[in-house]
Structure formats: structure tokens, C-alpha cells
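One structure is given here, and the rest of the page talks about it.
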Amino acid sequence: MVEEGLLSLLCLGLTALALGLLLLHHFLPFLLKLGFAPRGSFGFPLVGETLQFLSPHASNSLGFFLEDHISRYGKVFKSHLFFTPTIVSCDMELNQFILQNEEKLFQCSYPKPIHGILGKSSMIVVVGETHKKLRSLALTLVNTTRSSAGYLIDIEKIAIQLIDSWKKRDRILFCEEARKARERISLTVKSIVEERRKKNTMDSSINKRKDFLDVLLSTSNLSDEEKVSFVLDSLLGGYETTSLLISMAVYFLGQSPSSLKQLKVINEALRCGNIVKFVHRKALRDVIFKDYIIPSGWQVLPVISAVHLDSSFHRASLLFNPWRWEDQNQLMSKSFTPFGGGPRLCPGSELARVEAAIFLHHFVLKYRWRIEGDDIPMAHPYVDFPKGLPIVIDPNLNET
Ligand code: HEM
């Protein structure tokens, strides 16, 4: 009895000590007066301000939490999010500094539940050498895919078939249709993988032309788990985001049809649509930036959308205006980071742009459209259209 009591007391003591050390570690730089913490509030114990931070809002707006906190504390503030003390950055220079210093001062660090969903070998989750290995493969694969004529022809074929299938309809749920296209592409990829595996085992010399899957399947420094994870990364990273980008362009164009001829529509849909609102990092050591100190071990969230919607860089920033990209200045380009930056810059950015451009080209040729009702893209923070983006379509009579 006495022993059990002592044991529980010991456990309690150790837990308190561990918590104490953790707190000391997190707050030591302030105690030592190495610098000032950005202003802000930790909110409730443990959950902090997570629920307010995640509260849904239109994806072409900052949302109440960021608006309120920026006006109270400035563009960089402290908070407590996802059970961790956090620095939230809505500042272009700090965001750039964080992304450029990946693996030196900061490191990609997504919350544990995301590891569970994507798998521990997913590129977004792995760090260090494993990340370098997977990333270099991704870049090789993207380049082989991009320069393959077959790929562009396939994408164009799928886009035309889908668009033609709407001929006898006057309204469609756009997101559902975009998802159908995605499913078709992923089914095609799956059948190609299987066919290729069979072919490769029958006679590896028949298949001389190297493409995406040849390179992946013949890579010897990746485990099978890493290869499967890689294909999943490409499917998840690629199709959900790209179909969202297309939906975004259709949505904003539906409100402002006169901008149809603008090639810069895709840039502007990326800026206003904010498909990725923020990315997750942690500080690897105490970092001093301007007047602030970011303590080692703290979570750091560079908020991409806040810079996209910052009117110091993009005039009348809440308006969808593709023409703004005609006289693009250096500040506009520096503050436009829909695909992140630094050593983690999205490897699929060009594929996404090409796919969206091919689709839009054919859609604009065949139809005129308008949004039915009042659906808007919402950031949860993952983005979706709550009503699936219903649109009314009419054949484009100018088409020959
Ligand atoms: C509109 C479309 C897309 C957007 C907005 C987007 C956005 C992003 C962003 C912001 C990151 C950086 C994440 C971070 O720094 O933590 C990222 C990384 C990544 N994206 Fe994309 N992406 C898109 C399309 C694609 C496509 C088409 C693919 C695949 C073919 C892809 C695959 C990836 C992968 C594998 C990473 C991880 C890179 C790394 O950690 O080194 N994405 N994406």
C-alpha cells in the first residue's frame, strides 16, 4: 500500500518535473532577456486559441481571428495553437526568412495527426536526408512528366471529354465534376502502374523510354513503403489542389466575366483563393528576427494568405483583378507564394498551372457561365466550396 502510494507520488513528481523543464525550455530565452516575445495571448490552457484560429472564413479574406490579432498585436504575434506555444507570422519578410532557413533555423513540422493521415514516409512529414532523397526524385519525376508529350495530350483529352459531357446540361456542380476528372486521372495512373510492373517483369529491355513510373520503380535507394508513399503524395498533393485551383478560377471568373481573356487569371485565383493558408514549421534554436525572439522548440506558422491579402503589396487586395499582374513589380512577386518557398517549394507548381491552363482554355472556348446562388470558397483552413460550386452554363456562341 505504502509502496504504491510512493510510486504514484514519484510518477506525479516526475511528470511535474518534465512539465517544468519543458516550460523552462520554452520560456528560458525570455527569462534570460535575450529579446522580447512578440505580443499576443496564449488563450485557454492547452488548447490555447486553436479553435478561434481554425474558425472557418471566406478563403479570400483574413478571417476574424487574424484581422483581430493583427490589429491588436501587429503582423507577428504569439499564441498557443495545436497544444504548442506558437509564433504566427503574417509578415512577408519573416515568412521568407523562415522558409529560406529550412533545416538551418527552422524545420518543417506538421502536427502528429497529419503524420497518421499521410503516412510517416510522406514528403511533407519527413525531414533531413530522407526529405532530400525524396525531393530530388520528385523533381526528376516532375521534369520527365512535364516534358512528356503524352502527359499533355492525356490531360487535354480528359479535359475535352469532361467539358463535352456537359453539352446537354444547363447547370452543373463544378466541384463534383472536377473530382470526377481527378478520379479518372488517378484510375489511369493506377492502371499504368500495374501494366508497367507486368511489362517490366516480362521484359525490362522492351521499355526503353523512361518516364515517371520507370524512374520511380527502378529507384533502388527507396523502400517499397517510400515508393507507395511517393505515389500517394503525388495523387493527394496533386489532384485535390489542382481541381481546387480550377474551381477557384471558374468561381472568380464567374463573378467577373470580362477578365476572361486575361492570362494572369491563374495567378490571381491562386492569390485570392489561398488554397494553402499557412505552413507548419518549428524553431530549431532561439532565433532573433528584428526586435523579436522566437524561442527554440516553438511552433512557427508563416501565414501565406495574410501576405497575399496585404494591401501594402497588392492594391485593393480583396478584389479579384487579374489585370494587376500586367504591371507586376518586385514586391508583388516577392509577396506571392502560393506554393511556399525555399527548399520545400511545391514541386508540383508547374504541373498544377499547366493542368489548370489547359482546362480553362477549353472551358472558356465552349461555354459562358455564372455562379448560381451564393457559394463561396471557405478556409477550414483546408479550402472547399460548401455547396460544391453550382454554375449555370451556356454554350459559347462565338465558338466556330
Ligand atoms: C494549386 C495547386 C497546389 C498548391 C497551391 C500547392 C501548394 C503547396 C505548398 C504551399 C507546399 C509547401 C508546404 C510546406 O512548405 O510545408 C507544397 C508542397 C508540396 N506539394 Fe504542392 N501545391 C499544389 C499542387 C501540387 C501538385 C500538382 C503536386 C504533385 C504533383 C504537389 C505536391 C507537393 C509535394 C510532394 C509537396 C512537399 C514538398 C516538400 O516538402 O519538399 N503539389 N505544395
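By convention in this document, the chains of the C-alpha cells carry letters A, B, ... by their order, each chain's residues are numbered from 1, and ligands are numbered from 1 in the order they are shown.
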Which of range 147-389 of chain A counts as alpha helix (DSSP H) under DSSP, as a compact mmCIF listing (two decimals) with N, CA and C atoms, in the first residue's frame please?
```txt
# COMPACT_ATOMS: atom_id res chain seq x y z
N ALA A 149 5.24 14.53 -74.05
CA ALA A 149 4.12 14.97 -74.88
C ALA A 149 2.87 14.18 -74.49
N GLY A 150 3.06 12.90 -74.15
CA GLY A 150 1.95 12.03 -73.79
C GLY A 150 1.15 12.59 -72.63
N TYR A 151 1.82 13.17 -71.68
CA TYR A 151 1.15 13.69 -70.49
C TYR A 151 0.21 14.83 -70.86
N LEU A 152 0.74 15.78 -71.65
CA LEU A 152 -0.09 16.93 -72.02
C LEU A 152 -1.29 16.49 -72.85
N ILE A 153 -1.02 15.52 -73.77
CA ILE A 153 -2.12 15.01 -74.61
C ILE A 153 -3.20 14.36 -73.73
N ASP A 154 -2.76 13.54 -72.75
CA ASP A 154 -3.72 12.88 -71.85
C ASP A 154 -4.56 13.89 -71.07
N ILE A 155 -3.88 14.90 -70.52
CA ILE A 155 -4.60 15.91 -69.72
C ILE A 155 -5.61 16.63 -70.61
N GLU A 156 -5.20 16.97 -71.82
CA GLU A 156 -6.09 17.69 -72.73
C GLU A 156 -7.29 16.81 -73.11
N LYS A 157 -7.00 15.52 -73.34
CA LYS A 157 -8.08 14.58 -73.71
C LYS A 157 -9.12 14.50 -72.58
N ILE A 158 -8.65 14.36 -71.36
CA ILE A 158 -9.57 14.25 -70.22
C ILE A 158 -10.38 15.54 -70.07
N ALA A 159 -9.71 16.70 -70.23
CA ALA A 159 -10.41 17.99 -70.10
C ALA A 159 -11.50 18.10 -71.17
N ILE A 160 -11.16 17.77 -72.44
CA ILE A 160 -12.14 17.92 -73.53
C ILE A 160 -13.32 16.96 -73.33
N GLN A 161 -13.01 15.71 -72.96
CA GLN A 161 -14.10 14.73 -72.76
C GLN A 161 -15.06 15.22 -71.68
N LEU A 162 -14.49 15.74 -70.58
CA LEU A 162 -15.33 16.19 -69.46
C LEU A 162 -16.19 17.37 -69.91
N ILE A 163 -15.57 18.33 -70.56
CA ILE A 163 -16.28 19.54 -70.99
C ILE A 163 -17.38 19.18 -72.00
N ASP A 164 -17.07 18.25 -72.93
CA ASP A 164 -18.07 17.83 -73.92
C ASP A 164 -19.25 17.11 -73.26
N PHE A 174 -19.83 22.21 -60.07
CA PHE A 174 -18.49 22.20 -60.63
C PHE A 174 -17.50 21.34 -59.84
N CYS A 175 -17.54 21.43 -58.51
CA CYS A 175 -16.54 20.69 -57.71
C CYS A 175 -16.67 19.19 -57.94
N GLU A 176 -17.94 18.73 -58.06
CA GLU A 176 -18.16 17.30 -58.28
C GLU A 176 -17.55 16.88 -59.62
N GLU A 177 -17.74 17.70 -60.64
CA GLU A 177 -17.21 17.39 -61.97
C GLU A 177 -15.67 17.38 -61.94
N ALA A 178 -15.10 18.36 -61.20
CA ALA A 178 -13.64 18.43 -61.12
C ALA A 178 -13.11 17.18 -60.42
N ARG A 179 -13.87 16.71 -59.41
CA ARG A 179 -13.44 15.50 -58.71
C ARG A 179 -13.51 14.28 -59.63
N LYS A 180 -14.54 14.26 -60.51
CA LYS A 180 -14.66 13.13 -61.45
C LYS A 180 -13.41 13.07 -62.31
N ALA A 181 -12.96 14.24 -62.75
CA ALA A 181 -11.76 14.28 -63.60
C ALA A 181 -10.59 13.74 -62.81
N ARG A 182 -10.52 14.13 -61.53
CA ARG A 182 -9.41 13.68 -60.69
C ARG A 182 -9.42 12.16 -60.56
N GLU A 183 -10.65 11.62 -60.32
CA GLU A 183 -10.73 10.16 -60.19
C GLU A 183 -10.28 9.47 -61.46
N ARG A 184 -10.69 10.04 -62.60
CA ARG A 184 -10.29 9.42 -63.88
C ARG A 184 -8.78 9.42 -64.03
N ILE A 185 -8.16 10.55 -63.65
CA ILE A 185 -6.71 10.62 -63.78
C ILE A 185 -6.06 9.59 -62.84
N SER A 186 -6.56 9.48 -61.59
CA SER A 186 -5.89 8.56 -60.67
C SER A 186 -6.12 7.10 -61.06
N LEU A 187 -7.32 6.81 -61.65
CA LEU A 187 -7.55 5.44 -62.15
C LEU A 187 -6.57 5.13 -63.28
N THR A 188 -6.38 6.12 -64.15
CA THR A 188 -5.44 5.93 -65.27
C THR A 188 -4.05 5.65 -64.71
N VAL A 189 -3.65 6.44 -63.69
CA VAL A 189 -2.31 6.25 -63.12
C VAL A 189 -2.19 4.83 -62.55
N LYS A 190 -3.23 4.42 -61.80
CA LYS A 190 -3.17 3.08 -61.19
C LYS A 190 -3.00 1.99 -62.24
N SER A 191 -3.81 2.09 -63.33
CA SER A 191 -3.71 1.02 -64.33
C SER A 191 -2.37 1.06 -65.04
N ILE A 192 -1.81 2.28 -65.19
CA ILE A 192 -0.49 2.36 -65.82
C ILE A 192 0.56 1.68 -64.92
N VAL A 193 0.46 1.92 -63.59
CA VAL A 193 1.43 1.30 -62.67
C VAL A 193 1.39 -0.21 -62.82
N GLU A 194 0.15 -0.75 -62.81
CA GLU A 194 0.04 -2.22 -62.87
C GLU A 194 0.59 -2.78 -64.17
N GLU A 195 0.19 -2.11 -65.26
CA GLU A 195 0.64 -2.55 -66.58
C GLU A 195 2.16 -2.50 -66.66
N ARG A 196 2.72 -1.41 -66.13
CA ARG A 196 4.16 -1.21 -66.20
C ARG A 196 4.91 -2.27 -65.39
N ARG A 197 4.36 -2.60 -64.21
CA ARG A 197 5.01 -3.61 -63.38
C ARG A 197 5.07 -4.94 -64.13
N LYS A 198 3.91 -5.29 -64.77
CA LYS A 198 3.84 -6.56 -65.52
C LYS A 198 4.86 -6.54 -66.63
N LYS A 199 4.86 -5.45 -67.40
CA LYS A 199 5.75 -5.33 -68.54
C LYS A 199 7.20 -5.42 -68.10
N ASN A 200 7.51 -4.73 -67.01
CA ASN A 200 8.89 -4.70 -66.53
C ASN A 200 9.37 -6.08 -66.10
N THR A 201 8.44 -6.87 -65.51
CA THR A 201 8.88 -8.20 -65.09
C THR A 201 9.00 -9.14 -66.29
N MET A 202 8.15 -8.91 -67.34
CA MET A 202 8.24 -9.77 -68.53
C MET A 202 9.54 -9.51 -69.30
N PHE A 212 7.90 8.89 -65.65
CA PHE A 212 7.59 8.97 -64.21
C PHE A 212 7.74 7.63 -63.49
N LEU A 213 6.97 6.63 -63.98
CA LEU A 213 6.94 5.38 -63.23
C LEU A 213 8.19 4.54 -63.41
N ASP A 214 8.80 4.57 -64.61
CA ASP A 214 10.05 3.83 -64.79
C ASP A 214 11.08 4.30 -63.78
N VAL A 215 11.19 5.63 -63.67
CA VAL A 215 12.18 6.18 -62.76
C VAL A 215 11.86 5.76 -61.33
N LEU A 216 10.59 5.90 -60.94
CA LEU A 216 10.21 5.56 -59.56
C LEU A 216 10.46 4.08 -59.26
N LEU A 217 9.96 3.21 -60.17
CA LEU A 217 10.05 1.78 -59.88
C LEU A 217 11.50 1.28 -59.90
N SER A 218 12.35 1.95 -60.68
CA SER A 218 13.72 1.45 -60.76
C SER A 218 14.66 2.12 -59.75
N ASP A 224 10.00 0.06 -50.52
CA ASP A 224 8.69 -0.04 -51.17
C ASP A 224 7.71 0.93 -50.53
N GLU A 225 7.81 1.05 -49.18
CA GLU A 225 6.89 1.95 -48.46
C GLU A 225 7.07 3.40 -48.94
N GLU A 226 8.33 3.77 -49.14
CA GLU A 226 8.59 5.14 -49.59
C GLU A 226 8.06 5.36 -51.01
N LYS A 227 8.15 4.30 -51.85
CA LYS A 227 7.65 4.44 -53.24
C LYS A 227 6.12 4.62 -53.25
N VAL A 228 5.45 3.78 -52.44
CA VAL A 228 3.98 3.88 -52.39
C VAL A 228 3.59 5.25 -51.86
N SER A 229 4.29 5.68 -50.80
CA SER A 229 4.00 6.97 -50.19
C SER A 229 4.20 8.09 -51.20
N PHE A 230 5.20 7.90 -52.05
CA PHE A 230 5.50 8.91 -53.05
C PHE A 230 4.35 9.06 -54.04
N VAL A 231 3.81 7.90 -54.50
CA VAL A 231 2.69 7.97 -55.45
C VAL A 231 1.49 8.63 -54.77
N LEU A 232 1.27 8.27 -53.49
CA LEU A 232 0.14 8.88 -52.77
C LEU A 232 0.33 10.39 -52.63
N ASP A 233 1.56 10.80 -52.31
CA ASP A 233 1.86 12.24 -52.20
C ASP A 233 1.47 12.94 -53.48
N SER A 234 1.87 12.32 -54.61
CA SER A 234 1.61 12.97 -55.89
C SER A 234 0.12 13.03 -56.15
N LEU A 235 -0.60 11.94 -55.77
CA LEU A 235 -2.04 11.94 -56.03
C LEU A 235 -2.75 12.94 -55.13
N THR A 241 -5.57 19.69 -54.91
CA THR A 241 -5.19 21.10 -55.02
C THR A 241 -5.44 21.63 -56.43
N THR A 242 -5.10 20.82 -57.44
CA THR A 242 -5.26 21.32 -58.81
C THR A 242 -6.74 21.48 -59.15
N SER A 243 -7.58 20.51 -58.71
CA SER A 243 -9.00 20.67 -59.06
C SER A 243 -9.57 21.88 -58.31
N LEU A 244 -9.02 22.15 -57.09
CA LEU A 244 -9.47 23.35 -56.37
C LEU A 244 -9.06 24.62 -57.11
N LEU A 245 -7.84 24.60 -57.65
CA LEU A 245 -7.36 25.78 -58.37
C LEU A 245 -8.27 26.06 -59.57
N ILE A 246 -8.65 24.98 -60.28
CA ILE A 246 -9.54 25.16 -61.44
C ILE A 246 -10.90 25.70 -60.97
N SER A 247 -11.41 25.13 -59.87
CA SER A 247 -12.71 25.60 -59.35
C SER A 247 -12.60 27.08 -58.97
N MET A 248 -11.48 27.44 -58.35
CA MET A 248 -11.26 28.84 -57.93
C MET A 248 -11.32 29.76 -59.14
N ALA A 249 -10.62 29.38 -60.23
CA ALA A 249 -10.58 30.22 -61.42
C ALA A 249 -11.99 30.36 -61.99
N VAL A 250 -12.74 29.22 -62.03
CA VAL A 250 -14.10 29.26 -62.56
C VAL A 250 -14.98 30.15 -61.67
N TYR A 251 -14.78 30.06 -60.36
CA TYR A 251 -15.57 30.86 -59.42
C TYR A 251 -15.32 32.36 -59.63
N PHE A 252 -14.05 32.76 -59.60
CA PHE A 252 -13.76 34.19 -59.71
C PHE A 252 -14.11 34.74 -61.10
N LEU A 253 -13.88 33.92 -62.13
CA LEU A 253 -14.23 34.37 -63.48
C LEU A 253 -15.75 34.50 -63.62
N GLY A 254 -16.48 33.62 -62.93
CA GLY A 254 -17.94 33.65 -62.98
C GLY A 254 -18.46 34.97 -62.44
N GLN A 255 -17.68 35.60 -61.54
CA GLN A 255 -18.12 36.88 -60.97
C GLN A 255 -17.64 38.05 -61.81
N VAL A 265 -5.14 35.06 -65.02
CA VAL A 265 -6.25 34.60 -64.18
C VAL A 265 -5.78 33.57 -63.15
N ILE A 266 -4.87 32.70 -63.56
CA ILE A 266 -4.45 31.62 -62.66
C ILE A 266 -3.68 32.20 -61.47
N ASN A 267 -2.80 33.16 -61.73
CA ASN A 267 -2.09 33.83 -60.63
C ASN A 267 -3.07 34.44 -59.65
N GLU A 268 -4.05 35.14 -60.22
CA GLU A 268 -4.98 35.87 -59.35
C GLU A 268 -5.88 34.91 -58.57
N ALA A 269 -6.25 33.77 -59.20
CA ALA A 269 -7.06 32.77 -58.49
C ALA A 269 -6.23 32.17 -57.34
N LEU A 270 -4.93 32.01 -57.58
CA LEU A 270 -4.06 31.49 -56.51
C LEU A 270 -3.93 32.51 -55.38
N ARG A 271 -3.81 33.80 -55.74
CA ARG A 271 -3.65 34.84 -54.71
C ARG A 271 -4.92 34.99 -53.88
N CYS A 272 -6.08 35.05 -54.56
CA CYS A 272 -7.33 35.27 -53.83
C CYS A 272 -7.86 33.98 -53.21
N GLY A 273 -7.60 32.84 -53.85
CA GLY A 273 -8.21 31.58 -53.39
C GLY A 273 -7.49 30.98 -52.19
N ILE A 304 0.59 32.32 -45.36
CA ILE A 304 0.76 32.74 -46.75
C ILE A 304 -0.37 33.69 -47.16
N SER A 305 -1.61 33.33 -46.75
CA SER A 305 -2.78 34.09 -47.22
C SER A 305 -2.73 35.53 -46.72
N ALA A 306 -2.19 35.74 -45.50
CA ALA A 306 -2.18 37.10 -44.94
C ALA A 306 -1.33 38.02 -45.80
N VAL A 307 -0.24 37.48 -46.37
CA VAL A 307 0.62 38.32 -47.22
C VAL A 307 -0.06 38.55 -48.58
N HIS A 308 -0.76 37.50 -49.09
CA HIS A 308 -1.49 37.66 -50.36
C HIS A 308 -2.56 38.75 -50.25
N GLN A 330 8.41 44.08 -58.23
CA GLN A 330 9.20 43.12 -57.46
C GLN A 330 8.52 42.73 -56.15
N LEU A 331 7.89 43.74 -55.51
CA LEU A 331 7.24 43.47 -54.23
C LEU A 331 6.06 42.51 -54.40
N MET A 332 5.35 42.69 -55.54
CA MET A 332 4.21 41.79 -55.80
C MET A 332 4.70 40.36 -55.94
N SER A 333 5.80 40.17 -56.71
CA SER A 333 6.29 38.81 -56.92
C SER A 333 6.81 38.22 -55.60
N LYS A 334 7.52 39.04 -54.81
CA LYS A 334 8.09 38.54 -53.56
C LYS A 334 7.01 38.13 -52.56
N SER A 349 4.16 22.74 -58.70
CA SER A 349 3.55 24.03 -59.05
C SER A 349 3.32 24.18 -60.56
N GLU A 350 4.32 23.79 -61.36
CA GLU A 350 4.16 23.98 -62.81
C GLU A 350 3.10 23.03 -63.38
N LEU A 351 3.08 21.79 -62.85
CA LEU A 351 2.06 20.84 -63.33
C LEU A 351 0.66 21.40 -63.04
N ALA A 352 0.48 21.94 -61.82
CA ALA A 352 -0.83 22.48 -61.46
C ALA A 352 -1.22 23.61 -62.40
N ARG A 353 -0.27 24.50 -62.68
CA ARG A 353 -0.57 25.64 -63.56
C ARG A 353 -0.93 25.17 -64.97
N VAL A 354 -0.13 24.19 -65.48
CA VAL A 354 -0.37 23.72 -66.85
C VAL A 354 -1.75 23.05 -66.94
N GLU A 355 -2.05 22.20 -65.95
CA GLU A 355 -3.34 21.49 -65.99
C GLU A 355 -4.50 22.49 -65.93
N ALA A 356 -4.38 23.48 -65.04
CA ALA A 356 -5.46 24.47 -64.91
C ALA A 356 -5.58 25.27 -66.21
N ALA A 357 -4.44 25.61 -66.81
CA ALA A 357 -4.48 26.43 -68.02
C ALA A 357 -5.14 25.66 -69.17
N ILE A 358 -4.79 24.36 -69.31
CA ILE A 358 -5.38 23.56 -70.39
C ILE A 358 -6.89 23.47 -70.20
N PHE A 359 -7.30 23.20 -68.96
CA PHE A 359 -8.73 23.06 -68.71
C PHE A 359 -9.47 24.37 -69.01
N LEU A 360 -8.94 25.47 -68.47
CA LEU A 360 -9.63 26.76 -68.63
C LEU A 360 -9.73 27.15 -70.10
N HIS A 361 -8.65 26.88 -70.84
CA HIS A 361 -8.64 27.21 -72.27
C HIS A 361 -9.86 26.59 -72.97
N HIS A 362 -10.07 25.28 -72.73
CA HIS A 362 -11.18 24.59 -73.42
C HIS A 362 -12.54 25.00 -72.85
N PHE A 363 -12.59 25.23 -71.55
CA PHE A 363 -13.86 25.59 -70.92
C PHE A 363 -14.34 26.94 -71.45
N VAL A 364 -13.41 27.90 -71.52
CA VAL A 364 -13.76 29.25 -71.98
C VAL A 364 -14.19 29.21 -73.45
N LEU A 365 -13.54 28.33 -74.24
CA LEU A 365 -13.90 28.22 -75.66
C LEU A 365 -15.33 27.72 -75.84
N LYS A 366 -15.73 26.76 -74.98
CA LYS A 366 -17.02 26.10 -75.21
C LYS A 366 -18.20 26.74 -74.47
```
Query raised in the report: Neighbours of range 392-397 of chain A within 7 Å (only C-alpha atoms; same-chain residues fewer than 4 positions away dropped), as a PyMOL selection string?
Result: chain A and resi 170-172+365-372
Report task. List every residue of range 101-343 of chain A that DSSP, applied to the backbone of this structure, places in strand (DSSP E), and write the result as a PyMOL selection string. Result -> chain A and resi 106-108+171-173+281-283+287-289+292-294+299-302
Dump of C-alpha atoms for the selected residues, as a CSV table (one decimal), in the first residue's frame:
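File selection.csv, as written:
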```
chain,number,residue,atom,x,y,z
A,106,PHE,CA,13.6,26.1,-38.7
A,107,GLN,CA,12.2,22.8,-39.8
A,108,CYS,CA,9.0,21.5,-41.4
A,171,ARG,CA,-26.3,23.5,-64.7
A,172,ILE,CA,-23.5,21.6,-63.1
A,173,LEU,CA,-22.0,21.2,-59.6
A,281,ARG,CA,7.4,24.9,-39.0
A,282,LYS,CA,9.3,24.8,-35.7
A,283,ALA,CA,12.3,26.8,-34.5
A,287,VAL,CA,16.1,32.9,-33.4
A,288,ILE,CA,16.3,36.6,-33.2
A,289,PHE,CA,14.4,38.4,-36.0
A,292,TYR,CA,11.6,39.6,-31.6
A,293,ILE,CA,12.9,36.4,-30.2
A,294,ILE,CA,11.5,33.1,-31.5
A,299,GLN,CA,5.9,26.2,-33.4
A,300,VAL,CA,6.1,28.8,-36.2
A,301,LEU,CA,3.3,29.4,-38.7
A,302,PRO,CA,4.0,31.5,-41.7
```
**Report entry** Point-to-point distance in Å for CA of Leu318 in chain A and CA of Gly373 in chain A
**Finding:** 20.4 Å
Query raised in the report: Leaving out Ser317 in chain A and any residue of its chain fewer than 3 positions from it, which residues lie within 10 Å of it when counting only C-alpha atoms, given as an MDAnalysis selection string?
Result: chainID A and resid 60:61 271:272 307:314 320:321 324
Give me a file of those residues, with N, CA and C atoms, as a compact mmCIF listing (two decimals), in the first residue's frame.
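So part-v8.txt came out as:
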```
# COMPACT_ATOMS: atom_id res chain seq x y z
N ASN A 60 -10.84 34.10 -49.46
CA ASN A 60 -10.26 35.34 -49.97
C ASN A 60 -10.39 36.47 -48.95
N SER A 61 -10.39 36.06 -47.65
CA SER A 61 -10.37 37.06 -46.57
C SER A 61 -9.45 36.55 -45.48
N ARG A 271 -3.81 33.80 -55.74
CA ARG A 271 -3.65 34.84 -54.71
C ARG A 271 -4.92 34.99 -53.88
N CYS A 272 -6.08 35.05 -54.56
CA CYS A 272 -7.33 35.27 -53.83
C CYS A 272 -7.86 33.98 -53.21
N VAL A 307 -0.24 37.48 -46.37
CA VAL A 307 0.62 38.32 -47.22
C VAL A 307 -0.06 38.55 -48.58
N HIS A 308 -0.76 37.50 -49.09
CA HIS A 308 -1.49 37.66 -50.36
C HIS A 308 -2.56 38.75 -50.25
N LEU A 309 -3.12 38.90 -49.04
CA LEU A 309 -4.24 39.84 -48.88
C LEU A 309 -3.78 41.14 -48.22
N ASP A 310 -2.47 41.34 -48.16
CA ASP A 310 -1.91 42.54 -47.53
C ASP A 310 -1.90 43.68 -48.57
N SER A 311 -2.64 44.76 -48.26
CA SER A 311 -2.79 45.81 -49.27
C SER A 311 -1.52 46.64 -49.45
N SER A 312 -0.50 46.42 -48.59
CA SER A 312 0.76 47.14 -48.86
C SER A 312 1.46 46.55 -50.08
N PHE A 313 1.11 45.31 -50.44
CA PHE A 313 1.76 44.68 -51.62
C PHE A 313 0.82 44.56 -52.81
N HIS A 314 -0.47 44.34 -52.52
CA HIS A 314 -1.44 44.14 -53.60
C HIS A 314 -2.57 45.14 -53.41
N PHE A 320 -10.72 40.54 -56.81
CA PHE A 320 -10.16 39.67 -57.85
C PHE A 320 -9.92 40.53 -59.07
N ASN A 321 -8.66 40.75 -59.40
CA ASN A 321 -8.33 41.64 -60.50
C ASN A 321 -7.10 41.12 -61.25
N ARG A 324 -4.01 43.19 -62.44
CA ARG A 324 -2.93 43.70 -61.59
C ARG A 324 -1.59 43.05 -61.96
```
Query raised in the report: Nearest to ligand 1: which of A:Thr219, A:Asp286, A:Asp375, A:Leu141 is it, counting only C-alpha atoms and all ligand atoms?
Result: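 Ranking A:Thr219, A:Asp286, A:Asp375, A:Leu141 by distance to ligand 1, first place goes to A:Leu141.
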Report task. Give the answer as one residue: which of A:Glu240, A:Ile124, A:Ile391, A:Arg146 has the shortest atom-to-atom distance to ligand 1, using only C-alpha atoms and all ligand atoms? Result -> A:Ile124
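Counting only C-alpha atoms and all ligand atoms and comparing A:Ile87, A:Ala37, A:Met378, A:Leu139, the residue that lies closest to ligand 1 is A:Leu139.
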Query - Counting only C-alpha atoms, the residue of A:Phe77, A:Pro381, A:Phe82, A:Leu345 that sits nearest Pro111 in chain A - result: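 Between A:Phe77, A:Pro381, A:Phe82, A:Leu345, the residue approaching Pro111 in chain A most closely is A:Phe82.
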